[in-house]
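A.B. asks: Here it is, the structure, as structure tokens.
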Protein chains: 2
Amino acid sequence: MFQTFNAKTTPDTGKLRLEALRTKMAEIHVDGFLIPRSDTHMGEYVSARDRRLEWLTSFTGSAGYCAVFNKCALLFVDGRYTLQATDQIDTNIFEIQNIPNDKLTDCINTALSSGGKFAYDPWLHTEAQIEKIISSIHNDIILLEVENLIDAIWIDQPDSPLNLMTPHSLKYAGIHHSKKLKDIGKELTDTGQSHVVLTQPDSIAWALNTRGTDLGQTPVALCFATVAADGRVNLFINLQKVNDELRDHLGSDVIINDVSNFSLYLESLTGSVRIDPQTAPIAIKNILENANISVVAGADPTILAKACKNKTELDGCIKAHIRDGAAVVEFLSELKNLDTNLKISEIDLVKNLENKRIATGKLKNISFDTICGSGPNGAIVHYRVNTSTNRTISTGDVLLIDSGGQYLDGTTDITRTIAIGSVPIETVRLNTLVLKGMIAISCLRFPKGLAGRDIDAIARQALWSVGLDFDHGTGHGVGSFLSVHEGPHGISRHNQVPFEPGMIISNEPGYYEEGHFGIRIENLIYVKKATNSKDTNSREMLKFETLTLAPIDQTLIDISLLSHQERKWINDYHANVLEKLYDLVSGSAKKWLNLACAPL
Amino acid sequence: MFQTFNAKTTPDTGKLRLEALRTKMAEIHVDGFLIPRSDTHMGEYVSARDRRLEWLTSFTGSAGYCAVFNKCALLFVDGRYTLQATDQIDTNIFEIQNIPNDKLTDCINTALSSGGKFAYDPWLHTEAQIEKIISSIHNDIILLEVENLIDAIWIDQPDSPLNLMTPHSLKYAGIHHSKKLKDIGKELTDTGQSHVVLTQPDSIAWALNTRGTDLGQTPVALCFATVAADGRVNLFINLQKVNDELRDHLGSDVIINDVSNFSLYLESLTGSVRIDPQTAPIAIKNILENANISVVAGADPTILAKACKNKTELDGCIKAHIRDGAAVVEFLSELKNLDTNLKISEIDLVKNLENKRIATGKLKNISFDTICGSGPNGAIVHYRVNTSTNRTISTGDVLLIDSGGQYLDGTTDITRTIAIGSVPIETVRLNTLVLKGMIAISCLRFPKGLAGRDIDAIARQALWSVGLDFDHGTGHGVGSFLSVHEGPHGISRHNQVPFEPGMIISNEPGYYEEGHFGIRIENLIYVKKATNSKDTNSREMLKFETLTLAPIDQTLIDISLLSHQERKWINDYHANVLEKLYDLVSGSAKKWLNLACAPL
């Protein structure tokens, strides 16, 4: 299994660990210390070694931070995680604060008196984060950089992962890394910069056509790199993770260094060095500036290039979705024929779905912990089933399953909402409204130059019409055998990055009724140039092409609410699903697929 | 007539005037001078005295500016006005620059050498505008404030308008000005400010419940004012514009000063003074800072309050739209029965429409120069007919008429696109796509908290689907017997101001085929709380209520392109138009109205 179901935390360890931390704080004369959830690479996933927040507080959520003072310890989490945090931590010693209403800087200002010292590890915070703190704390409070105090007291802290960095074949990557590096070098030359420091493992993985297994579901190797204006690279990685195959792949233009030499190397740079203030730890800026090296703030140059998939990557992604779709169909056909007397649980379903993907023989990992929420569990947007929340599936349940696979040729992410037996007509109506939003995005054409925030309303209009909405973005970017959450684009009120052909994105409106059920329907789509219409005045337009292939539960569709165009979309979609998957699935699944894809 | 049709300009005067300006520039040793289109109040309309840009260049457009240097004189206009400027000015002496591609600061940097002096009149530019220049010019160029050099050479410059400022009755305003002033005072107290300086005539008109006729179509009196934290006002206005009726209306809490004392008074202020950097001339900030008075940048406190109309204002606006609708119906019924053999021209139609509005006995002015564009003229978005562009209406023409009236109880703004006889089926299809966007906004419900930029796509989706779009916002705010273009809200990709109940806004998608025809369909709508739906999970939602009443040309609608809901909207709308207007129009108009409002 690529996923575990153990949610047991050890909140009782918090007290002693907090005491040890405060002793350490006293030793070095600081009055506050900040423990983030992120590691130095600022990604969504962190290795066991970097789970400092969890080690201290027992909170396992994917976002949050803790500020420890002498008199209080505050755990900041957003609305998704308030309940989970309450369950997981010892609330007698850690006080929960709500992001974004409660402000870290207000707490620092309250907890510390004039001359008070608040400390942080500069390798675990970006310049942007620290600037935000500086701009709002009282100017008689001293902000201090220190060695990590958790590492100092965490006696059995695991090592950093030491898995091999491996080549990612050109047949999947599409563009040789020497070409990518030359392009990055050109961008640096054009802006008068000598180097860029890459700190995100997926940026480096993309630029070097490499992958890894350090973070499990995101197939990268932890490392740093610099790219010079001539395209030459210095890679900083634990040398145990490097073998001859990788050396051959990288070639002589990529110099491999042990990660322990990273800081020293940075000090030796000349010229003007780009770092991304949104993602690079501030320690890097400090090292460069202390060595009198000119630092320029600029976006990581791989981000946009990585987002715009090339033809090889898109072709791979299409293949991955056919393979993944067939696995999902096997799963769904069994699910729809489920005998609820057998007391099948959410965990059973997660295992079963993973087994279907493993049976393709191509699965490298799942792309994230499967969300399988039946009934009220489906209403928890970031639900992960564990042994204590696990529910047995019953007739009448609405089941929300959001899952994906990592294949060499592509990353998948699909959500289907399934009725187990018959469900109230009202639920069918709500599912249909969500579906209308999902179809509206699928069918949309829009002028080049627009961003996610310009089109987000299109996914919500049907729900809005009856006073409803959902509290998450409509879609996120997706990598190519890389992170399932990949920027810079997205469909949300806040995303300002214009869509470009080749961007892969999820299209996943939803609706959640707390305590009852959740609905979400998600396909991955990619951005494509729309052919010009016959109108002479027509403009350069973009459209979306659907990647995901799996039936949408027709028992949850109220046909009377669909327009002619929406009905046609569903029928065309199902015809395509049937055509692409029929030959790939088992006999019993074939039978079910035929029914599930029948025209409305 | 409230509108003239004379477009004759005198480009040949430009040469001598430019010479005089350069002589003046040499006298005071400056190398460049900036002439804006705005007056000191930064509004859209300017009085004859303030038409400095037009006097110098002959360009009459509503936006632009001229930068005069020793060797060149550059007229900056945006895409709307490039052609018009070319027609109106002497291009041998004025060079046209395109906003936003050509940058004023680039031109300053090119035209001036080190130590060069670029001058401007601080009463005619905001702090925001000047900051923008400062941030981009070479730092060896000197930016200088000077007395206005055009005023110095414009021998027969008209006087400022001296029309009376008049009370605006409580029966139209709804809230006594003492209450409004108290609210402004409270906002100042809450933010620790002693005064706010109001520089926009419509802000002052709203706050004092006064109106005027200084700017014609926008019913305001030119003046300045300050409001103190106790709600007391100092008004600065030419005393010839004040009579006893106004003094009685304003009461003892409003001290009336001659406008000549404004600067001196500003110097006498104490405490912390708010000015709006987006709209206040930088001269005011300079005066305050030179007198060591603390200046705080903050929004004009009337803007949001003015935009959210109270019940009296909304009721008035509804009445104004019924009255205006009846006048428009009289006009449309004649237009639809037009004998094209009579050689009726665009100017004839503009006059006729104005006469219908005058016949209501309540028209104070039109709310802007009527746009009446037939055939290719309709494709010019900001078209104003004049004697040289005037076209005779022929069968087969598509006619776009955008017009409005100023009534004591409300401001109207309506656009209808009318087929004269039969037009190609393709035009009908395009008009229907525009109409679908207009209906989509009319029917929209959306969560409170959203702004224009979050919903703009809804108006464009139908056009986008065939590769088309329009290059203007979908809607602008509208005042209550005030400016027909009133912020802060709007429907466009750029407007971030959340909608609030009571805001009036235009809903006017369009489509333009250069050289052929223009389509725009515009109703005014206002924001209203939507009643909660039966869904238990429903949120606080807003919706739009339609104000404008006049038939939409059914000969330009392709029913086959409409959804059931869209068709129902049209039929309900027309039924309402018929019900509200039937008794108010003449016999022949009644007959036409019945047909025009028949169900689709």
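By order of appearance in the structure tokens: chains A, B, ..., then residues from 1 within every chain, and ligands from 1 in the order shown.
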Write out as a PyMOL selection string every residue belonging to chain B that has an atom at most 10 Å from any atom of chain A, counting only C-alpha atoms.

C.D. replies: chain B and resi 426+430+440+443-447+450+453-458+460-469+492-494+511-514+530-543+563-565

A.B. asks: Quick one: pick out all helix (DSSP H, G or I) residues within region 265-457 of chain A from a backbone DSSP run and write them as a PyMOL selection string.

C.D. replies: chain A and resi 265-267+282-290+302-307+311-336+340-342+346-358+375-379+425-443+452-457

A.B. asks: Do you know which residues are at most 8 Å from region 196-203 of chain A counting only C-alpha atoms, after dropping those on the same chain fewer than 2 positions away, and could you put them as number ranges by chain?

C.D. replies: A: 40-43, 188, 193-194, 205-207, 220-228, 273-275, 279-280, 300, 302-303, 306, 482-483

A.B. asks: Counting only C-alpha atoms, what is within 10 Å of region 553-555 of chain B, bar same-chain residues fewer than 2 positions away, as a list in words?

C.D. replies: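 Skipping anything fewer than 2 positions along the chain leaves Leu332, Lys336, Arg416, Thr417, Ile418, Ala419, Ile420, Gly421, Ser422, Val423, Val428, Asn431, Thr432, Ile521, Ala550, Pro551, Ile557, Asp558, Ile559, Ile570, Leu595, Ala596, Cys597, Ala598, Pro599 and Leu600 of chain B.
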
A.B. asks: Skip region 9-15 of chain B itself and residues of its chain fewer than 4 positions away, then list as an mmCIF file with C-alpha atoms, in the first residue's frame all residues within 9 Å of it, counting only C-alpha atoms.

C.D. replies:
data_model
loop_
_atom_site.group_PDB
_atom_site.id
_atom_site.type_symbol
_atom_site.label_atom_id
_atom_site.label_comp_id
_atom_site.auth_asym_id
_atom_site.auth_seq_id
_atom_site.Cartn_x
_atom_site.Cartn_y
_atom_site.Cartn_z
ATOM 1 C CA GLU B 19 4.561 78.953 -30.317
ATOM 2 C CA ALA B 20 3.095 81.143 -27.576
ATOM 3 C CA GLU B 54 -8.781 71.267 -26.784
ATOM 4 C CA TRP B 55 -7.761 74.930 -27.000
ATOM 5 C CA LEU B 56 -4.162 73.999 -27.670
ATOM 6 C CA THR B 57 -4.548 70.967 -29.907
ATOM 7 C CA SER B 58 -8.165 71.066 -31.187
ATOM 8 C CA PHE B 59 -8.651 67.500 -29.920
ATOM 9 C CA THR B 60 -12.095 67.198 -28.285
ATOM 10 C CA GLN B 88 -9.042 67.019 -35.500
ATOM 11 C CA ILE B 89 -5.483 68.153 -34.964
ATOM 12 C CA ASP B 90 -2.672 69.458 -37.127
ATOM 13 C CA THR B 91 -0.497 66.370 -37.258
ATOM 14 C CA ILE B 93 2.877 70.012 -35.285
ATOM 15 C CA PHE B 94 1.325 67.489 -32.880
#

A.B. asks: Report the distance between CA of Gln3 (chain A) and CA of Asp402 (chain A) in Å, rounded to one decimal place.

C.D. replies: 13.7 Å

A.B. asks: As JSON, numbers by chain, please: every residue in region 8-226 of chain B that DSSP puts in strand (DSSP E).

C.D. replies: {"B": [32, 33, 34, 35, 36, 65, 66, 67, 68, 69, 73, 74, 75, 76, 77, 78, 95, 96, 97, 98, 99, 117, 118, 119, 120, 142, 143, 144, 145, 166, 167, 195, 196, 197, 198, 210, 211, 224, 225, 226]}

A.B. asks: With a distance cut-off of 10 Å and only C-alpha atoms, select the neighbouring residues of Phe33 (chain A), excluding the residue or stretch itself and same-chain residues fewer than 6 positions from it, and output the selection as a PyMOL selection string.

C.D. replies: chain A and resi 21-22+25+66-70+73+108+117-121+143-146+148-150
